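Structure first, then comments.
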Amino acid sequence: MLRAFDRRRSPAPAAEPASLHLFAVFHLNLAFSSIEESERSVVIEHCYWPLLALAATHGPIGIEATGYTLEEIETRDPAWIRRLRDLIQAGKAELIGSGYAQLIGPLVPAKLVAANLKIGNDVYRHLLGVSPRVALVNEQAYSGGLVGHYLDAGYEALLMDWDNPASHHPEWPAEIRYRPQRAMGADGRSIGLLWTNTVAFQKLQRYAHGDIALDDYLDFVATRRSEQPRVLCLYASDGEIFDFRPGRYRTEEAIGEGEWNRLGSAFFALSSTAGVRLSTPSSVLAMNSNAAAAPLRLETASHPVPVKKQRKYNLTRWAVSGRDDVGINAACQRIYSALLRNDASESDWQTLCRLWASDFRTHITEVRWRGYCAELAAMEMRLGTAPTPAPRISHGRALSERYIDIATPSVSAQLDRRRGLAIHRLAFAGDIPSVGGLPHGYFDDIALQADWYTGDCVFEQPGESKITDLDWAESEIVEDGEDVLIAGRIATPLGPIEKILRFHGRRPRVDFDLTFHWPQWGKGALRLGHVTLLPQAFELEQLALATQNGGFAPEHFALHGAIVDHGAPVSFLVSASCGIGMTEGWAELYDRRRSVRVEVDRETAPLLGLLTHRRIGGSLFCQLALSMLELDDTRRPTPYREGPRRARFSIEGGLL
């Protein structure tokens, strides 16, 4: 009895940590923005062959590549493709899918996202004889609309960054970062989800580059063990940064001694550690210990398209920055529309996927940029998709009064010539005004004590005065059947802005056609439209946002209780935090009674949506701006086409 009592009261030994299941995915991309085409064979020799050696010795390892990258390797070194096929069959490597090109899904139309995945799978089967089960979301730019695409393409799971979605979901238990989950899509279907880990992959990079010792790296991994089985993604990033430097940053590390050898040492040490197991991504999917739990919705109204790593990596860097993202994205959209009209070949779709890839929109080299523009222009010429200039209004009546009242059978509005034809109030189909302006002092909050408009333009540059169109507009008016057109010209320090507004007579809609006669487009943020809701017109608790971010199904975001500020700067270098892609050309704000729909002509300029939403006491500030340009580390002004820039968008509304 005494011994039994002693056993009962003595301290229990510490529980042994449970198994830690590790996996790694190396991302291969021969279209990497900073790699010249002439260097591709060097990359294969210095990076891709050592990766296969690492898999053969210390696998299994995940290898993710676009179909285009595999085709390029096959052209230059077909033995590499044969070796990868052998390693896959031997279970030493697992192919992780991507698509044919590295498209940013939440920025391109749904049919192209689907085509990219289909063509990629065709290449995988042709060159490697397999169809991957798991995909790495390109640039880890995720939207709920993408889930259906991956399911339809045969994928069972996605790899997605944990840190950014989790930062906007404080209700998530921290432990789920170490368990496979399911992600809910916009169409109601869900898909398996494996988390990648930013700190973990950066730790491995630092060890490989000689910044930290092996013991320090192993200690980091050991701290991820727990009393419960866990899954940890060791790596999910570029393979071209070991024993090679792409030249993307001035601060890149010098190449150390045998960085792939150091990676081999790390994987050998991990595989030799008791309780640690190296696995393939697909093999750990079964470790979802709570499969009956509700799937996670990764996106939120404040963060509708989560992306990888630091906050500087957001949707704006591929949409409205770079050398001329808006210009080349508009050209790709025009080509896309032409291919839909002309029953195009798969070869044309394949080319468009490649032309719309992310790498041409970031740190592209000068040589590759010139070649890209020439190829894009040649395809536009072949298909006849060059942009058209804005129409000219003739025989209009000049306006001299400050305020202009407009009334058609479907729209009534008041415009302010002193503020560049900004809309003071706008009502649809005989309803009360739902869109317009809010005067200075409307809100008690000091941060919002300014004049707020609808239809204006604001350009901000670092260290320079703000440039707007909120000045006198030389204006004229003309009636076109039941429609009313207002044309205006506003002088700015960068050059004039011309506006044409069409107030429709047969539908509750206003069209905006803006042309910027600015010889120089520098580094800054240019935002248009600023569609400002009038708070008294909406049920604040019922207000929601709907749009499409690369999917066939619309995504809906309830706004009640949400603080949303997509256009808030991340730093002095990065001018916006996130945005909505509006990939089918629209976004809608609505409650149970009314809706305001904003449409964008993506063939002219595929503008990015930036929503601001805040409750102020018993009132509301809700505004949807359209971004034509943002500032970040990729911005290097180089126009695809010379000449004036044009943007077209519309506001439509009414009762539901």
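Starting from 1 in every chain, residues are counted up; chains themselves are A, B, ... following the order of the structure tokens, and ligands are numbered from 1 as listed.
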Query - Contact residues around stretch 472-477 of chain A with only C-alpha atoms at 12 Å, ignoring same-chain residues under 2 positions, as JSON, numbers by chain - result: {"A": [392, 393, 394, 395, 396, 397, 398, 399, 400, 401, 402, 403, 404, 405, 406, 415, 416, 417, 418, 419, 420, 421, 422, 456, 468, 469, 470, 479, 480, 483, 484, 485, 486, 487, 488, 489, 490, 491, 492, 496, 497, 498, 499, 500, 501, 502, 503]}
I need the chosen residues saved as a compact mmCIF listing (two decimals), in the first residue's frame, with N, CA and C atoms.
# COMPACT_ATOMS: atom_id res chain seq x y z
N ARG A 392 -14.81 61.81 -78.67
CA ARG A 392 -14.87 63.25 -78.50
C ARG A 392 -16.32 63.70 -78.55
N ILE A 393 -16.68 64.63 -77.68
CA ILE A 393 -18.02 65.20 -77.69
C ILE A 393 -18.01 66.44 -78.59
N SER A 394 -18.95 66.49 -79.49
CA SER A 394 -19.06 67.66 -80.37
C SER A 394 -20.44 68.28 -80.21
N HIS A 395 -20.51 69.56 -80.49
CA HIS A 395 -21.77 70.31 -80.47
C HIS A 395 -22.38 70.33 -79.07
N GLY A 396 -21.55 70.32 -78.06
CA GLY A 396 -22.07 70.43 -76.71
C GLY A 396 -22.29 71.88 -76.31
N ARG A 397 -23.12 72.09 -75.31
CA ARG A 397 -23.38 73.42 -74.77
C ARG A 397 -22.46 73.66 -73.59
N ALA A 398 -21.73 74.78 -73.65
CA ALA A 398 -20.80 75.10 -72.57
C ALA A 398 -21.57 75.41 -71.30
N LEU A 399 -20.98 75.00 -70.17
CA LEU A 399 -21.60 75.23 -68.86
C LEU A 399 -20.81 76.28 -68.11
N SER A 400 -21.54 77.15 -67.40
CA SER A 400 -20.88 78.21 -66.64
C SER A 400 -21.19 78.14 -65.15
N GLU A 401 -22.30 77.52 -64.77
CA GLU A 401 -22.67 77.45 -63.37
C GLU A 401 -21.79 76.43 -62.64
N ARG A 402 -21.71 76.59 -61.30
CA ARG A 402 -20.89 75.67 -60.51
C ARG A 402 -21.55 74.31 -60.40
N TYR A 403 -22.80 74.27 -59.99
CA TYR A 403 -23.49 72.99 -59.78
C TYR A 403 -24.32 72.63 -61.00
N ILE A 404 -24.26 71.38 -61.40
CA ILE A 404 -24.98 70.89 -62.58
C ILE A 404 -25.96 69.83 -62.11
N ASP A 405 -27.23 70.06 -62.33
CA ASP A 405 -28.26 69.08 -61.98
C ASP A 405 -28.61 68.26 -63.21
N ILE A 406 -28.58 66.95 -63.04
CA ILE A 406 -28.87 66.01 -64.13
C ILE A 406 -30.11 65.21 -63.76
N LEU A 415 -23.66 67.54 -59.85
CA LEU A 415 -22.22 67.56 -60.03
C LEU A 415 -21.68 68.92 -59.62
N ASP A 416 -20.41 68.95 -59.22
CA ASP A 416 -19.76 70.18 -58.79
C ASP A 416 -18.60 70.47 -59.73
N ARG A 417 -18.77 71.51 -60.59
CA ARG A 417 -17.69 71.87 -61.51
C ARG A 417 -16.47 72.38 -60.77
N ARG A 418 -16.68 72.99 -59.63
CA ARG A 418 -15.56 73.51 -58.83
C ARG A 418 -14.70 72.38 -58.27
N ARG A 419 -15.24 71.19 -58.25
CA ARG A 419 -14.54 70.01 -57.77
C ARG A 419 -14.38 68.97 -58.88
N GLY A 420 -14.09 69.44 -60.09
CA GLY A 420 -13.74 68.54 -61.19
C GLY A 420 -14.85 67.61 -61.61
N LEU A 421 -16.12 68.04 -61.49
CA LEU A 421 -17.30 67.25 -61.82
C LEU A 421 -17.52 66.10 -60.82
N ALA A 422 -17.01 66.25 -59.60
CA ALA A 422 -17.32 65.27 -58.56
C ALA A 422 -18.82 65.25 -58.32
N ASP A 456 -13.89 61.38 -58.08
CA ASP A 456 -12.68 62.20 -58.19
C ASP A 456 -11.43 61.34 -58.33
N THR A 468 -4.77 66.35 -57.44
CA THR A 468 -6.15 65.89 -57.60
C THR A 468 -6.79 66.59 -58.79
N ASP A 469 -7.99 66.14 -59.12
CA ASP A 469 -8.79 66.82 -60.15
C ASP A 469 -9.87 67.70 -59.52
N LEU A 470 -9.71 68.03 -58.26
CA LEU A 470 -10.73 68.80 -57.53
C LEU A 470 -10.54 70.29 -57.78
N GLU A 479 -27.17 66.16 -74.99
CA GLU A 479 -28.16 65.11 -74.84
C GLU A 479 -28.03 64.12 -75.98
N ASP A 480 -28.06 62.84 -75.63
CA ASP A 480 -27.93 61.76 -76.61
C ASP A 480 -29.12 60.83 -76.42
N ASP A 483 -30.13 59.74 -72.85
CA ASP A 483 -28.92 59.89 -72.05
C ASP A 483 -28.47 61.35 -72.03
N VAL A 484 -27.73 61.69 -70.97
CA VAL A 484 -27.11 63.01 -70.85
C VAL A 484 -25.62 62.81 -70.67
N LEU A 485 -24.81 63.52 -71.47
CA LEU A 485 -23.36 63.43 -71.39
C LEU A 485 -22.79 64.75 -70.90
N ILE A 486 -21.85 64.66 -69.98
CA ILE A 486 -21.10 65.81 -69.49
C ILE A 486 -19.63 65.55 -69.79
N ALA A 487 -18.98 66.50 -70.43
CA ALA A 487 -17.55 66.41 -70.70
C ALA A 487 -16.84 67.52 -69.95
N GLY A 488 -15.69 67.22 -69.38
CA GLY A 488 -14.93 68.20 -68.64
C GLY A 488 -13.44 68.03 -68.84
N ARG A 489 -12.72 69.11 -68.64
CA ARG A 489 -11.27 69.10 -68.76
C ARG A 489 -10.72 69.85 -67.56
N ILE A 490 -9.84 69.19 -66.78
CA ILE A 490 -9.30 69.76 -65.55
C ILE A 490 -7.78 69.83 -65.69
N ALA A 491 -7.23 71.01 -65.44
CA ALA A 491 -5.79 71.19 -65.48
C ALA A 491 -5.16 70.69 -64.19
N THR A 492 -4.03 69.97 -64.29
CA THR A 492 -3.26 69.54 -63.12
C THR A 492 -1.78 69.81 -63.39
N PRO A 496 -3.38 67.78 -68.26
CA PRO A 496 -4.84 67.79 -68.11
C PRO A 496 -5.44 66.39 -67.96
N ILE A 497 -6.59 66.37 -67.28
CA ILE A 497 -7.43 65.17 -67.21
C ILE A 497 -8.73 65.48 -67.93
N GLU A 498 -9.12 64.62 -68.84
CA GLU A 498 -10.38 64.76 -69.54
C GLU A 498 -11.36 63.72 -69.03
N LYS A 499 -12.60 64.18 -68.79
CA LYS A 499 -13.64 63.30 -68.28
C LYS A 499 -14.86 63.37 -69.19
N ILE A 500 -15.48 62.20 -69.38
CA ILE A 500 -16.79 62.12 -70.01
C ILE A 500 -17.68 61.28 -69.11
N LEU A 501 -18.78 61.83 -68.67
CA LEU A 501 -19.74 61.12 -67.83
C LEU A 501 -21.04 60.95 -68.61
N ARG A 502 -21.50 59.72 -68.69
CA ARG A 502 -22.77 59.43 -69.36
C ARG A 502 -23.79 59.00 -68.32
N PHE A 503 -24.88 59.76 -68.21
CA PHE A 503 -25.98 59.44 -67.32
C PHE A 503 -27.08 58.78 -68.17
May I have a table of the residues of stretch 280-366 of chain A lying at most 8 Å from stretch 584-603 of chain A, giving each one's closest pair of atoms and their distance in Å to one decimal, counting only C-alpha atoms, ordered by chain and ascending residue number, as CSV?
residue,atom,partner,partner_atom,distance
A:Ala330,CA,A:Glu603,CA,4.9
A:Ala331,CA,A:Glu603,CA,6.8
A:Gln333,CA,A:Glu603,CA,5.3
A:Arg334,CA,A:Glu603,CA,5.1
Would you output that residue set with C-alpha atoms, as an mmCIF file, in the first residue's frame?
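That gives us part-v6.cif:
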data_model
loop_
_atom_site.group_PDB
_atom_site.id
_atom_site.type_symbol
_atom_site.label_atom_id
_atom_site.label_comp_id
_atom_site.auth_asym_id
_atom_site.auth_seq_id
_atom_site.Cartn_x
_atom_site.Cartn_y
_atom_site.Cartn_z
ATOM 1 C CA ALA A 330 -5.123 45.464 -69.957
ATOM 2 C CA ALA A 331 -3.399 44.068 -73.049
ATOM 3 C CA GLN A 333 -7.429 41.164 -70.964
ATOM 4 C CA ARG A 334 -7.977 42.331 -74.546
#
**Report entry** Exercise: A:Ala605 partners within 12 Å, only C-alpha atoms, chain neighbours under 3 positions left out, as a ChimeraX atom specification
**Finding:** /A:319-320,324-334,387-388,513-515,528,582-583,585,599-602,608,626-629,645-649
**Report entry** Residues of stretch 325-456 of chain A in helix (DSSP H, G or I), written as an MDAnalysis selection string
**Finding:** chainID A and resid 325:341 346:355 358:361 366:383 417:419 446:448
**Report entry** Contact residues around A:Ala55 with only C-alpha atoms at 7 Å, ignoring same-chain residues under 5 positions, as a ChimeraX atom specification
**Finding:** /A:60-61,92-93
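Of the residues listed (A:Leu438, A:Ile119, A:Leu278, A:Ala576), A:Leu438 shows the shortest atom-to-atom separation from A:Tyr453; distances use only C-alpha atoms.
With distances taken over only C-alpha atoms, A:Thr280 is the one residue among A:Gln202, A:Thr280, A:Arg179, A:Ile88 lying closest to A:Ala24.
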Closest-contact table, stretch 533-562 of chain A side, partner stretch 425-436 of chain A, 7 Å, counting only C-alpha atoms, as a tab-separated table:
residue	atom	partner	partner_atom	distance
A:Leu533	CA	A:Val435	CA	4.6
A:Leu534	CA	A:Ser434	CA	5.2
A:Ala537	CA	A:Ser434	CA	5.3
Query raised in the report: Between A:Ala553, A:Ile73, A:Val531, A:Ala544, which has the minimum distance to A:Pro109 (counting only C-alpha atoms)?
Result: A:Ala553
Query raised in the report: Tell me, which residues of stretch 238-364 of chain A carry DSSP strand (DSSP E or B), written as a list in words?
Result: Asp238, Val276, Arg277, Leu278 and Leu296 of chain A
